[in-house]
$ cat my_file23.txt   # compact mmCIF, C-alpha atoms
# COMPACT_ATOMS: atom_id res chain seq x y z
CA MET A 1 -23.53 -13.14 2.62
CA GLN A 2 -25.70 -10.94 0.43
CA ASP A 3 -24.73 -10.48 -3.19
CA GLU A 4 -24.10 -6.72 -3.24
CA SER A 5 -23.75 -6.62 -7.01
CA LYS A 6 -27.56 -6.85 -7.21
CA ASP A 7 -28.13 -3.96 -4.78
CA ALA A 8 -29.71 -1.04 -6.66
CA ASN A 9 -28.16 1.44 -4.19
CA SER A 10 -24.65 0.06 -4.52
CA PRO A 11 -22.00 2.46 -5.88
CA TRP A 12 -20.43 -0.46 -7.74
CA ILE A 13 -21.33 -1.58 -11.25
CA PRO A 14 -20.35 -5.04 -12.56
CA LEU A 15 -17.60 -5.11 -15.18
CA THR A 16 -16.66 -8.79 -15.31
CA THR A 17 -18.09 -11.91 -13.69
CA LEU A 18 -16.58 -15.38 -13.95
CA SER A 19 -17.91 -18.56 -12.36
CA LYS A 20 -15.42 -21.10 -13.69
CA PRO A 21 -12.86 -22.25 -12.82
CA TYR A 22 -13.14 -19.82 -9.89
CA SER A 23 -15.72 -17.26 -8.87
CA ILE A 24 -14.30 -13.82 -9.73
CA THR A 25 -16.19 -10.52 -9.89
CA VAL A 26 -14.69 -7.19 -10.96
CA GLN A 27 -16.71 -4.05 -10.29
CA GLY A 28 -16.08 -0.39 -11.07
CA HIS A 29 -17.09 2.61 -9.03
CA VAL A 30 -19.84 4.70 -10.58
CA SER A 31 -17.98 8.00 -10.11
CA LYS A 32 -14.28 6.99 -10.04
CA PRO A 33 -12.81 5.70 -13.32
CA PHE A 34 -9.74 4.13 -11.67
CA CYS A 35 -11.45 2.56 -8.67
CA PHE A 36 -12.21 -1.17 -8.70
CA ARG A 37 -13.55 -3.71 -6.26
CA ILE A 38 -12.58 -7.30 -6.90
CA THR A 39 -14.21 -10.21 -5.09
CA PHE A 40 -13.05 -13.78 -5.56
CA TYR A 41 -13.09 -17.11 -3.76
CA ALA A 42 -9.90 -19.15 -3.40
CA PRO A 43 -9.72 -22.87 -2.52
CA THR A 44 -7.66 -22.53 0.67
CA SER A 45 -7.70 -21.04 4.15
CA PRO A 46 -7.66 -17.27 4.71
CA ALA A 47 -4.18 -17.47 6.26
CA THR A 48 -2.63 -19.25 3.28
CA ALA A 49 -4.27 -16.92 0.76
CA PHE A 50 -3.18 -13.86 2.71
CA ASP A 51 0.45 -14.99 2.91
CA LEU A 52 0.67 -15.15 -0.87
CA LEU A 53 -1.41 -12.08 -1.68
CA ALA A 54 0.25 -9.79 0.89
CA ASP A 55 3.82 -10.83 0.09
CA VAL A 56 4.87 -8.00 -2.24
CA LEU A 57 8.00 -9.85 -3.38
CA ARG A 58 5.89 -12.75 -4.69
CA ARG A 59 3.39 -10.57 -6.51
CA PRO A 60 5.08 -10.87 -9.94
CA GLU A 61 4.57 -14.65 -9.68
CA TRP A 62 0.83 -14.32 -10.22
CA ASP A 63 0.04 -10.72 -11.22
CA GLU A 64 0.58 -10.30 -14.96
CA LEU A 65 0.42 -6.52 -14.60
CA THR A 66 3.39 -6.36 -12.19
CA GLU A 67 6.94 -6.37 -13.53
CA ALA A 68 9.03 -5.91 -10.36
CA THR A 69 8.67 -5.21 -6.65
CA GLU A 70 10.99 -4.20 -3.85
CA ILE A 71 10.86 -3.63 -0.10
CA ILE A 72 12.45 -0.22 0.45
CA GLU A 73 12.30 -0.34 4.24
CA LYS A 74 10.60 -2.22 7.06
CA LEU A 75 9.35 0.41 9.49
CA GLY A 76 7.96 -1.69 12.32
CA GLN A 77 5.34 -4.27 13.16
CA GLY A 78 3.41 -4.84 9.95
CA ASP A 79 4.53 -1.57 8.34
CA ALA A 80 6.82 -1.24 5.33
CA ILE A 81 7.57 0.90 2.29
CA HIS A 82 7.07 -0.99 -0.97
CA TYR A 83 8.03 -0.13 -4.54
CA VAL A 84 5.93 -1.66 -7.33
CA LYS A 85 6.66 -1.33 -11.05
CA ALA A 86 3.84 -2.20 -13.44
CA LYS A 87 4.31 -3.39 -16.99
CA ALA A 88 3.61 -1.08 -19.89
CA ILE A 89 0.35 -1.81 -21.70
CA TRP A 90 0.41 -0.62 -25.30
CA PRO A 91 0.01 2.18 -26.18
CA THR A 92 0.59 3.60 -22.68
CA ALA A 93 3.81 4.07 -20.69
CA ALA A 94 4.94 1.87 -17.83
CA ARG A 95 3.77 2.87 -14.35
CA ASP A 96 5.24 2.58 -10.87
CA SER A 97 4.15 3.39 -7.33
CA LEU A 98 5.65 3.87 -3.89
CA LEU A 99 3.45 2.60 -1.09
CA LEU A 100 3.28 2.65 2.68
CA SER A 101 1.73 -0.71 3.54
CA HIS A 102 0.35 -2.26 6.70
CA ILE A 103 -0.76 -5.82 7.45
CA THR A 104 -2.80 -7.01 10.41
CA SER A 105 -5.27 -9.64 11.55
CA VAL A 106 -8.67 -9.08 13.15
CA ASP A 107 -11.20 -11.34 14.87
CA ILE A 108 -14.70 -11.40 13.41
CA ASP A 109 -17.70 -12.54 15.44
CA GLY A 110 -19.74 -15.34 13.93
CA SER A 111 -23.33 -15.09 12.72
CA ALA A 112 -26.36 -16.11 14.75
CA ALA A 113 -26.19 -19.60 13.22
CA ASN A 114 -22.52 -19.95 14.01
CA ASP A 115 -21.25 -17.84 16.90
CA GLN A 116 -17.63 -18.95 16.52
CA THR A 117 -15.06 -16.19 16.17
CA THR A 118 -13.01 -16.37 12.99
CA ARG A 119 -9.75 -14.72 12.02
CA ALA A 120 -9.63 -12.31 9.10
CA TYR A 121 -6.55 -10.73 7.53
CA MET A 122 -6.15 -7.25 6.11
CA ASN A 123 -3.53 -5.53 3.97
CA VAL A 124 -3.83 -1.78 3.33
CA SER A 125 -1.56 0.59 1.43
CA GLN A 126 -1.36 4.21 0.30
CA SER A 127 0.97 6.25 -1.88
CA ILE A 128 3.75 8.27 -0.31
CA VAL A 129 6.65 10.41 -1.49
CA ASP A 130 10.18 9.47 -0.45
CA ASP A 131 13.33 11.21 -1.70
CA ARG A 132 15.15 7.88 -1.77
CA VAL A 133 12.85 6.67 -4.56
CA PRO A 134 12.37 9.61 -6.94
CA GLU A 135 10.08 9.56 -9.93
CA ARG A 136 11.61 8.05 -13.09
CA ASP A 137 10.22 10.45 -15.69
CA ALA A 138 13.49 10.41 -17.66
CA GLU A 139 13.00 6.66 -18.20
CA GLY A 140 9.46 7.16 -19.43
CA ILE A 141 7.91 5.68 -16.26
CA VAL A 142 4.84 7.43 -14.84
CA ARG A 143 4.44 7.52 -11.04
CA MET A 144 0.93 6.44 -10.10
CA GLU A 145 -0.84 7.77 -7.03
CA ALA A 146 -2.71 5.15 -5.05
CA GLY A 147 -5.48 6.10 -2.69
CA LEU A 148 -6.42 3.87 0.20
CA ALA A 149 -6.29 0.35 -1.23
CA GLY A 150 -5.95 -3.17 0.08
CA GLN A 151 -7.36 -6.62 0.67
CA LEU A 152 -9.58 -8.27 3.24
CA VAL A 153 -9.40 -12.07 3.44
CA THR A 154 -12.09 -13.95 5.37
CA GLN A 155 -13.47 -17.47 5.65
CA ALA A 156 -16.14 -18.22 3.05
CA THR A 157 -19.53 -18.64 4.70
CA LEU A 158 -21.81 -21.62 4.25
CA GLU A 159 -24.18 -19.33 2.34
CA ASP A 160 -21.34 -18.40 -0.04
CA LYS A 161 -20.50 -22.04 -0.68
CA MET A 162 -24.10 -23.01 -1.35
CA ARG A 163 -24.78 -20.01 -3.60
CA LEU A 164 -21.62 -20.53 -5.67
CA GLY A 165 -21.52 -24.34 -5.55
CA LEU A 166 -18.09 -24.44 -3.90
CA GLN A 167 -17.00 -27.98 -3.11
CA GLY A 168 -14.76 -28.80 -0.16
CA ASP A 169 -14.21 -27.33 3.30
CA GLN A 170 -11.38 -24.88 2.64
CA TRP A 171 -12.56 -21.77 0.85
CA CYS A 172 -11.85 -18.14 1.58
CA ARG A 173 -13.35 -14.88 0.32
CA VAL A 174 -11.04 -12.09 -0.83
CA VAL A 175 -12.27 -8.53 -1.32
CA GLN A 176 -9.72 -6.22 -2.90
CA ILE A 177 -10.05 -2.46 -3.42
CA ALA A 178 -7.84 -0.69 -5.97
CA ASP A 179 -8.34 3.07 -5.88
CA GLY A 180 -6.02 5.68 -7.33
CA ASP A 181 -4.93 7.93 -10.14
CA LEU A 182 -2.92 6.27 -12.89
CA LYS A 183 -1.70 9.69 -14.07
CA GLY A 184 -0.87 10.53 -17.64
CA TRP A 185 -2.83 9.41 -20.67
CA ILE A 186 -4.87 6.21 -20.31
CA PRO A 187 -7.34 5.28 -23.09
CA LYS A 188 -10.57 3.57 -22.11
CA SER A 189 -9.52 0.47 -24.03
CA VAL A 190 -6.65 -0.09 -21.56
CA ILE A 191 -8.95 0.30 -18.56
CA LYS A 192 -11.35 -2.21 -20.12
CA PHE A 193 -8.49 -4.63 -20.81
CA ILE A 194 -7.32 -4.46 -17.19
CA ALA A 195 -10.81 -4.98 -15.75
CA THR A 196 -12.07 -7.67 -18.11
CA GLN A 197 -8.93 -9.62 -19.00
CA ALA A 198 -5.75 -8.89 -17.02
CA LEU A 199 -7.29 -8.93 -13.54
CA PRO A 200 -9.40 -12.09 -14.04
CA ARG A 201 -6.42 -13.95 -15.54
CA SER A 202 -4.14 -12.92 -12.67
CA LEU A 203 -6.67 -13.93 -10.02
CA THR A 204 -7.31 -17.25 -11.74
CA LYS A 205 -3.57 -17.88 -11.67
CA VAL A 206 -3.26 -17.06 -7.98
CA CYS A 207 -6.21 -19.36 -7.19
CA GLN A 208 -4.49 -22.17 -9.08
CA GLN A 209 -1.34 -21.62 -7.05
CA LEU A 210 -3.29 -21.55 -3.78
CA ALA A 211 -5.14 -24.76 -4.66
CA VAL A 212 -1.94 -26.83 -4.39
CA LEU A 213 -0.72 -25.29 -1.13
CA SER A 214 -1.42 -26.85 2.25
CA PRO A 215 -3.94 -24.69 4.15
CA SER A 216 -2.53 -22.98 7.24
CA ILE A 217 -4.43 -22.03 10.36
CA GLU A 218 -2.33 -18.94 11.04
CA SER A 219 -0.69 -16.49 8.65
CA GLN A 220 3.08 -16.81 8.66
CA LEU A 221 3.43 -13.12 7.77
CA VAL A 222 1.40 -12.10 10.81
CA CYS A 223 3.16 -14.61 13.07
CA ARG A 224 6.56 -13.20 12.09
CA MET A 225 5.23 -9.70 12.65
CA ASN A 226 3.99 -10.57 16.16
CA ALA A 227 7.27 -12.32 16.97
CA GLN A 228 9.23 -9.10 16.57
CA PRO A 229 10.43 -7.78 19.95
CA GLY A 230 8.52 -4.79 21.23
CA THR A 231 5.52 -3.18 19.63
CA LEU A 232 7.32 -0.68 17.44
CA GLN A 233 10.83 -1.46 16.28
CA MET A 234 12.45 1.09 13.98
CA LYS A 235 16.11 1.81 13.39
CA LEU A 236 16.14 5.57 13.70
CA PRO A 237 19.21 7.42 12.43
CA PRO A 238 21.24 9.53 14.87
CA GLN A 239 19.15 12.68 14.70
CA VAL A 240 21.64 14.96 16.45
CA ASP A 241 24.52 14.09 14.15
CA LYS A 242 22.48 14.40 10.97
CA GLY A 243 20.91 17.63 12.13
CA LYS A 244 24.31 19.08 12.97
CA GLN A 245 25.68 18.12 9.57
CA VAL A 246 22.77 19.71 7.73
CA ALA A 247 22.92 22.77 10.00
CA ASP A 248 26.63 23.27 9.32
CA GLU A 249 25.99 23.16 5.59
CA LYS A 250 23.19 25.74 5.94
CA ARG A 251 25.37 28.01 8.09
CA ALA A 252 28.16 27.91 5.50
CA ASP A 253 25.76 28.86 2.72
CA ILE A 254 24.44 31.83 4.71
CA GLN A 255 27.91 33.08 5.59
CA ARG A 256 29.12 32.86 1.99
CA SER A 257 26.14 34.68 0.53
CA SER A 258 25.49 37.10 3.46
CA SER A 259 21.86 36.84 2.50
CA SER A 260 18.92 37.12 4.86
CA SER A 261 16.77 34.77 2.83
CA LEU A 262 16.00 31.46 4.45
CA SER A 263 16.18 28.08 2.79
CA VAL A 264 14.12 25.35 4.31
CA ALA A 265 14.87 22.00 2.70
CA ASN A 266 12.09 19.52 2.41
CA SER A 267 13.47 16.00 2.74
CA GLY A 268 12.42 12.52 3.64
CA LEU A 269 8.94 11.11 3.72
CA ARG A 270 5.77 13.16 2.97
CA MET A 271 2.41 11.48 3.37
CA VAL A 272 0.01 12.10 0.42
CA ARG A 273 -2.98 11.39 2.61
CA SER A 274 -3.33 10.41 6.24
CA ALA A 275 -4.55 6.84 6.64
CA GLY A 276 -3.39 6.05 10.18
CA SER A 277 -5.69 5.17 13.04
CA ARG A 278 -5.38 6.08 16.69
CA ASN A 279 -3.89 2.74 17.69
CA ARG A 280 -1.03 3.27 15.18
CA TRP A 281 -0.18 6.90 16.06
CA LEU A 282 3.23 5.97 17.44
CA VAL A 283 4.21 4.58 14.06
CA TRP A 284 3.45 7.86 12.31
CA ILE A 285 5.31 9.87 14.97
CA LYS A 286 8.40 7.74 14.51
CA ILE A 287 8.17 8.03 10.74
CA ILE A 288 7.95 11.82 11.03
CA LEU A 289 10.89 11.89 13.46
CA LYS A 290 12.94 9.73 11.18
CA TYR A 291 12.45 11.67 7.98
CA ALA A 292 11.45 15.20 8.95
CA ALA A 293 13.62 15.91 12.01
CA PRO A 294 16.84 16.77 10.13
CA SER A 295 15.15 19.36 7.93
CA ILE A 296 13.32 20.87 10.89
CA ILE A 297 16.59 21.16 12.81
CA ALA A 298 18.26 22.68 9.76
CA ALA A 299 15.47 25.22 9.31
CA ILE A 300 15.55 26.32 12.96
CA THR A 301 19.34 26.60 12.88
CA SER A 302 19.18 28.67 9.70
CA VAL A 303 16.72 31.10 11.30
CA ILE A 304 18.88 31.54 14.39
CA VAL A 305 22.09 32.07 12.39
CA SER A 306 20.34 34.53 10.07
CA LEU A 307 19.04 36.58 13.02
CA LEU A 308 22.49 36.67 14.59
CA ILE A 309 24.02 37.90 11.32
CA GLN A 310 21.36 40.60 10.94
CA ARG A 311 21.83 41.84 14.50
CA ARG A 312 25.60 41.91 14.11
CA TRP A 313 25.25 43.79 10.80
CA LYS A 314 23.02 46.43 12.42
CA LYS A 315 25.64 46.99 15.16
$ encode --input "my_file23.txt" --output "structure tokens"
Amino acid sequence: MQDESKDANSPWIPLTTLSKPYSITVQGHVSKPFCFRITFYAPTSPATAFDLLADVLRRPEWDELTEATEIIEKLGQGDAIHYVKAKAIWPTAARDSLLLSHITSVDIDGSAANDQTTRAYMNVSQSIVDDRVPERDAEGIVRMEAGLAGQLVTQATLEDKMRLGLQGDQWCRVVQIADGDLKGWIPKSVIKFIATQALPRSLTKVCQQLAVLSPSIESQLVCRMNAQPGTLQMKLPPQVDKGKQVADEKRADIQRSSSSSLSVANSGLRMVRSAGSRNRWLVWIKIILKYAAPSIIAAITSVIVSLLIQRRWKK
């Protein structure tokens, strides 16, 4: 695989490069101050590396920038809402993020020299807003906004091994994109610390952990995902009951105030940016139905009740 860091037309500029004990490269985007591409090689199979890297609950074990993580909700096959709290780096405040994440596996055709199909694993995430997890400004925690970010884990090629001097059969290549807006005040010294020290140390630690694990052929995370019954399993709340409850509350407010103004409550999940693909459209529809349906029902009910009151008042 070609070393893209030496490509004059590449939008990435090298920030940190380590060769020992593991090959780790951190690059920054030429026009985005908070966008990084990290490439490293881990001494294990892609499946084993992916299971550790994509498990959000295990992230604090190896990522020195992460303080705590939580799974807010599992939405369906490979989709979940994750909360991640980052540690404060002096002199800045602590950060947190709320992410909609998706994991999957894809088959990659081999090169001309080796036409075997190999399995690659991908984890993508993007910031969302959810009323169940409000921002914690009162606690001095700044809510970050993550763009499309994630990891792609593939088998290291023979060219990679020869170029980097990797010994042994089991090596995988991990490419990670971190793109977002950290919000608030961030001095350049903190950005430099993250890129040149914190990230390389964390990735070295995860490589050390992976080195002692037995390589797996298949990802356990993906196997559990595929073992779930049906293609899309989500526990949707009873929409009619919740809509009726919200509608009754709206009707009572209108009758008490005798006002013709309408109040449309925004609740539930609001996507910051759309990152779905056509083969996942059912997931997004079910997410919208789950979180937006009650407020839509309440808004429609409010309009109808208001019109009835106005017509009765005119009579």
$ atom_distance --input "my_file23.txt" --atom1 "atom CA of Thr16 of chain A" --atom2 "atom CA of Thr196 of chain A"
5.5 Å
$ residues_around --input "my_file23.txt" --residues "segment 93-103 of chain A" --least-positions-apart "6" --cutoff "9 Å" --atoms "only C-alpha atoms" --output "PyMOL selection string"
chain A and resi 54+77-87+121-130+133+135-136+140-146+150+182-186+221-222+225+271
$ closest_residue --input "my_file23.txt" --among "A:Ile89, A:His29, A:Glu218, A:Pro200" --to "Glu67 of chain A" --atoms "all atoms listed in the file"
A:Ile89
$ closest_residue --input "my_file23.txt" --among "A:Leu75, A:Ile177, A:Leu65, A:Leu148" --to "Val190 of chain A" --atoms "all atoms listed in the file"
A:Leu65
$ closest_residue --input "my_file23.txt" --among "A:Leu213, A:Cys223, A:Ile191, A:Ala198" --to "Ala49 of chain A" --atoms "all atoms listed in the file"
A:Leu213
$ atom_distance --input "my_file23.txt" --atom1 "atom CA of Arg224 of chain A" --atom2 "atom CA of Phe50 of chain A"
13.5 Å
$ closest_residue --input "my_file23.txt" --among "A:Gly147, A:Ser45, A:Ile108, A:Val206" --to "Pro60 of chain A" --atoms "only C-alpha atoms"
A:Val206
$ build_atoms --input "my_file23.txt" --residues "segment 134-169 of chain A" --atoms "N, CA and C atoms" --output "tab-separated table (two decimals), in the coordinates of the input"
chain	number	residue	atom	x	y	z
A	134	PRO	N	12.95	8.53	-6.14
A	134	PRO	CA	12.37	9.61	-6.94
A	134	PRO	C	11.61	9.08	-8.14
A	135	GLU	N	10.81	9.93	-8.72
A	135	GLU	CA	10.08	9.56	-9.93
A	135	GLU	C	11.06	9.35	-11.08
A	136	ARG	N	10.70	8.45	-12.00
A	136	ARG	CA	11.61	8.05	-13.09
A	136	ARG	C	11.08	8.56	-14.43
A	137	ASP	N	10.77	9.85	-14.47
A	137	ASP	CA	10.22	10.45	-15.69
A	137	ASP	C	11.19	10.33	-16.86
A	138	ALA	N	12.49	10.47	-16.58
A	138	ALA	CA	13.49	10.41	-17.66
A	138	ALA	C	13.49	9.05	-18.33
A	139	GLU	N	13.06	8.01	-17.63
A	139	GLU	CA	13.00	6.66	-18.20
A	139	GLU	C	11.65	6.37	-18.83
A	140	GLY	N	10.78	7.36	-18.84
A	140	GLY	CA	9.46	7.16	-19.43
A	140	GLY	C	8.50	6.40	-18.54
A	141	ILE	N	8.77	6.38	-17.22
A	141	ILE	CA	7.91	5.68	-16.26
A	141	ILE	C	7.07	6.70	-15.51
A	142	VAL	N	5.77	6.50	-15.48
A	142	VAL	CA	4.84	7.43	-14.84
A	142	VAL	C	4.56	6.97	-13.41
A	143	ARG	N	4.71	7.86	-12.45
A	143	ARG	CA	4.44	7.52	-11.04
A	143	ARG	C	2.94	7.61	-10.76
A	144	MET	N	2.35	6.48	-10.44
A	144	MET	CA	0.93	6.44	-10.10
A	144	MET	C	0.73	6.94	-8.67
A	145	GLU	N	-0.48	7.37	-8.38
A	145	GLU	CA	-0.84	7.77	-7.03
A	145	GLU	C	-1.99	6.89	-6.55
A	146	ALA	N	-1.70	6.06	-5.57
A	146	ALA	CA	-2.71	5.15	-5.05
A	146	ALA	C	-3.41	5.77	-3.85
A	147	GLY	N	-4.72	5.71	-3.87
A	147	GLY	CA	-5.48	6.10	-2.69
A	147	GLY	C	-5.44	4.96	-1.69
A	148	LEU	N	-6.36	4.96	-0.77
A	148	LEU	CA	-6.42	3.87	0.20
A	148	LEU	C	-6.87	2.60	-0.51
A	149	ALA	N	-6.00	1.60	-0.52
A	149	ALA	CA	-6.29	0.35	-1.23
A	149	ALA	C	-5.88	-0.82	-0.35
A	150	GLY	N	-6.35	-2.01	-0.70
A	150	GLY	CA	-5.95	-3.17	0.08
A	150	GLY	C	-6.84	-4.37	-0.13
A	151	GLN	N	-6.65	-5.35	0.76
A	151	GLN	CA	-7.36	-6.62	0.67
A	151	GLN	C	-7.87	-7.03	2.04
A	152	LEU	N	-9.03	-7.66	2.04
A	152	LEU	CA	-9.58	-8.27	3.24
A	152	LEU	C	-9.87	-9.73	2.91
A	153	VAL	N	-9.27	-10.64	3.68
A	153	VAL	CA	-9.40	-12.07	3.44
A	153	VAL	C	-10.14	-12.70	4.61
A	154	THR	N	-11.27	-13.33	4.33
A	154	THR	CA	-12.09	-13.95	5.37
A	154	THR	C	-12.46	-15.39	4.97
A	155	GLN	N	-12.98	-16.12	5.93
A	155	GLN	CA	-13.47	-17.47	5.65
A	155	GLN	C	-14.76	-17.37	4.85
A	156	ALA	N	-14.89	-18.18	3.81
A	156	ALA	CA	-16.14	-18.22	3.05
A	156	ALA	C	-17.25	-18.79	3.91
A	157	THR	N	-18.42	-18.17	3.88
A	157	THR	CA	-19.53	-18.64	4.70
A	157	THR	C	-20.23	-19.82	4.02
A	158	LEU	N	-21.04	-20.51	4.80
A	158	LEU	CA	-21.81	-21.62	4.25
A	158	LEU	C	-22.74	-21.13	3.17
A	159	GLU	N	-23.30	-19.92	3.35
A	159	GLU	CA	-24.18	-19.33	2.34
A	159	GLU	C	-23.42	-19.09	1.04
A	160	ASP	N	-22.17	-18.61	1.15
A	160	ASP	CA	-21.34	-18.40	-0.04
A	160	ASP	C	-21.13	-19.71	-0.78
A	161	LYS	N	-20.79	-20.74	-0.06
A	161	LYS	CA	-20.50	-22.04	-0.68
A	161	LYS	C	-21.73	-22.61	-1.38
A	162	MET	N	-22.88	-22.48	-0.74
A	162	MET	CA	-24.10	-23.01	-1.35
A	162	MET	C	-24.50	-22.19	-2.57
A	163	ARG	N	-24.38	-20.88	-2.48
A	163	ARG	CA	-24.78	-20.01	-3.60
A	163	ARG	C	-23.89	-20.20	-4.82
A	164	LEU	N	-22.58	-20.43	-4.57
A	164	LEU	CA	-21.62	-20.53	-5.67
A	164	LEU	C	-21.29	-21.97	-6.03
A	165	GLY	N	-21.81	-22.93	-5.26
A	165	GLY	CA	-21.52	-24.34	-5.55
A	165	GLY	C	-20.07	-24.71	-5.28
A	166	LEU	N	-19.49	-24.15	-4.23
A	166	LEU	CA	-18.09	-24.44	-3.90
A	166	LEU	C	-17.98	-25.77	-3.17
A	167	GLN	N	-17.17	-26.67	-3.68
A	167	GLN	CA	-17.00	-27.98	-3.11
A	167	GLN	C	-15.76	-28.02	-2.22
A	168	GLY	N	-15.89	-28.68	-1.07
A	168	GLY	CA	-14.76	-28.80	-0.16
A	168	GLY	C	-14.91	-27.86	1.03
A	169	ASP	N	-14.10	-28.10	2.07
A	169	ASP	CA	-14.21	-27.33	3.30
A	169	ASP	C	-13.42	-26.03	3.27
